[in-house]
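Report on the structure given below.
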Amino acid sequence: MAETFFYMPGRVICGPDALAELSRAAHLGKRPLLVTGQNFARRTGLLAKAQKILTAAGTEPVVFDRVEPEPAVQTAEAAAEYARTHNCDFVVAIGGGSPMDVAKAVAVLLTNPPGLDRYFGSEKLERPAAPVVCIPTTAGTGSEVTKYAVLVDHQAGLKKTLVAESTIPRLALLDPSLTVSLPACLTAETGMDAFSHAVESYLAIAANPLSDAFNLQALEIIVRALPAVLAEPMNLALRQQMLLASSLAGLALNSTGTIINHGMTYALTVRYGMGHGRANALLLPYTIAYIAEDYPQKISRLCDILGCEDIEVGLLDLNRRLSIPTSLSEAGVAEDDLPALAESCRLNCVRAVSHMKRRIDSQDYTDILRRAF
Ligand code: FE
């Protein structure tokens, strides 16, 4: 079957002072909704700077700053309601994956009938979403270039994914000066989110020569730059490389999606509130080792990049260098919760398994979690 090889309708601008290029967003509409978290962008003056640039460019920005980490469906709907009452016509996200994903959901609801639930899944919009602009302040999610928005449905105990090409940001500004103040643990964890995207996308069924090239490049950058940036947090060149690697992996994701590592971490986030990057880093050695025999050549390439003989050992070693926990018990998961966690993994992995060669059943999740415990 013929499939889309690559699609990228947006502009990515990378470099020191990329933020100044936000004025280019002015042609997208008159009233942008600025979507951000509860703290960082305001405290650092970034929000005020963005407002100033947008105002000087002739728009009238409105701010929604109530996005929590691992945002809920209700947060996105509240933001959309706020945007509608203020007659917003495009959306600008400032922050990590959480505001960026909420911004995409708002963009969907600005042009489509209310009720976000009907748009989860692949390409279910009635009309194209309103334009989105992203300014990432972490280097990890790649959301600034993807068609994905992931939100938590607390009632169902699920992370739900909205997939719509019209939500791919029209403009992404990768400005390393915005990530220099990120604390070490968040730098490591979000960096490992990007690393997981690249590994999972590389092993997904729909991987193609272009996604492979992007993913391998992202992995080579991260293995070198992530430990280095922890030692030198103010180094703008390293911060810029991490932003670039995160976007490279994100661009590849649009063609491939992720596999069970991401799906299984959704269960950890929903049940334990564990951060997305941390959960991905923690599980990755075990999920990839479990399926490694399906991909002998690609796993050997990953080992070359990591400088290891055994993929599980190499990935565990990387986590140790980044001070990330290497077992579920170390991360506070109780052993008697593993059966319920395995069931939650099964429910959260429906999309992920469709991106894999091998069929995965309940026993597989249990085996992986036992090994990770
Ligand atoms: Fe992720």
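Residue numbering restarts at 1 in every chain; chains get A, B, ... in the order shown in the structure tokens, and ligands count up from 1 in that same order.
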**Asked** Within 8 Å of ligand 1, counting only C-alpha atoms and all ligand atoms: which residues, as a list in words?
**Response** Gly140, Thr141, Gly142, Asp193, Ala194, Ser196, His197, His262, His276, Gly277 and Asn280 of chain A
Inset, instruction - From the DSSP assignment of the backbone, select every residue of stretch 109-200 of chain A that is helix (DSSP H, G or I), and format the answer as a ChimeraX atom specification. - result: /A:109-111,116-119,143-145,165-167,176-178,184-200
Any chance you could export the current selection's C-alpha atoms as a PDB file, in the first residue's frame?
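Everything below was put into part_23.pdb:
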ATOM      1  CA  LEU A 109     -12.162  23.608  18.661  1.00  0.00           C
ATOM      2  CA  LEU A 110     -11.893  27.120  17.183  1.00  0.00           C
ATOM      3  CA  THR A 111     -13.023  25.811  13.778  1.00  0.00           C
ATOM      4  CA  LEU A 116     -13.088  17.354  21.990  1.00  0.00           C
ATOM      5  CA  ASP A 117     -13.877  13.683  22.508  1.00  0.00           C
ATOM      6  CA  ARG A 118     -15.168  13.252  18.967  1.00  0.00           C
ATOM      7  CA  TYR A 119     -11.802  14.305  17.472  1.00  0.00           C
ATOM      8  CA  SER A 143       5.244  18.696  19.495  1.00  0.00           C
ATOM      9  CA  GLU A 144       6.320  21.937  17.766  1.00  0.00           C
ATOM     10  CA  VAL A 145       6.485  20.011  14.465  1.00  0.00           C
ATOM     11  CA  GLU A 165      -2.243  17.246   9.991  1.00  0.00           C
ATOM     12  CA  SER A 166      -3.888  20.675  10.072  1.00  0.00           C
ATOM     13  CA  THR A 167      -2.620  21.109  13.653  1.00  0.00           C
ATOM     14  CA  PRO A 176      18.137  27.905  22.778  1.00  0.00           C
ATOM     15  CA  SER A 177      18.116  30.902  25.124  1.00  0.00           C
ATOM     16  CA  LEU A 178      14.642  29.742  26.269  1.00  0.00           C
ATOM     17  CA  ALA A 184      18.909  19.385  35.212  1.00  0.00           C
ATOM     18  CA  CYS A 185      16.291  16.716  35.915  1.00  0.00           C
ATOM     19  CA  LEU A 186      13.828  18.190  33.382  1.00  0.00           C
ATOM     20  CA  THR A 187      16.596  18.623  30.827  1.00  0.00           C
ATOM     21  CA  ALA A 188      17.478  14.942  31.210  1.00  0.00           C
ATOM     22  CA  GLU A 189      13.903  13.651  31.248  1.00  0.00           C
ATOM     23  CA  THR A 190      12.588  15.726  28.335  1.00  0.00           C
ATOM     24  CA  GLY A 191      15.759  14.905  26.389  1.00  0.00           C
ATOM     25  CA  MET A 192      15.027  11.223  26.924  1.00  0.00           C
ATOM     26  CA  ASP A 193      11.482  11.764  25.644  1.00  0.00           C
ATOM     27  CA  ALA A 194      13.035  12.880  22.345  1.00  0.00           C
ATOM     28  CA  PHE A 195      15.422   9.906  22.524  1.00  0.00           C
ATOM     29  CA  SER A 196      12.452   7.536  22.999  1.00  0.00           C
ATOM     30  CA  HIS A 197      10.625   9.126  20.055  1.00  0.00           C
ATOM     31  CA  ALA A 198      13.639   8.526  17.834  1.00  0.00           C
ATOM     32  CA  VAL A 199      14.125   4.893  18.942  1.00  0.00           C
ATOM     33  CA  GLU A 200      10.428   4.009  18.742  1.00  0.00           C
TER      34      GLU A 200
END
Shortest contact to A:Val35, candidates A:Pro9, A:Gly257, A:Gly97, A:Pro113, atoms counted only C-alpha atoms, goes to A:Gly97
Residues of stretch 186-282 of chain A that have any atom at most 7 Å from an atom of stretch 340-350 of chain A: could you tabulate them with the shortest-distance atom pair and the distance in Å to one decimal, using only C-alpha atoms, ordered by chain and increasing number, as JSON lines?
{"residue": "A:Ile260", "atom": "CA", "partner": "A:Cys349", "partner_atom": "CA", "distance": 6.1}
{"residue": "A:Gly263", "atom": "CA", "partner": "A:Cys349", "partner_atom": "CA", "distance": 4.4}
{"residue": "A:Met264", "atom": "CA", "partner": "A:Cys345", "partner_atom": "CA", "distance": 4.7}
{"residue": "A:Tyr266", "atom": "CA", "partner": "A:Asn348", "partner_atom": "CA", "distance": 6.3}
{"residue": "A:Ala267", "atom": "CA", "partner": "A:Cys345", "partner_atom": "CA", "distance": 5.3}
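Between atom CA of A:Ser98 and atom CA of A:Glu70 there is a distance of 5.9 Å.
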For atom CA of A:Thr36 and atom CA of A:Pro99, the interatomic separation in Å (one decimal):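 Spanning atom CA of A:Thr36 to atom CA of A:Pro99 is a straight-line distance of 5.1 Å.
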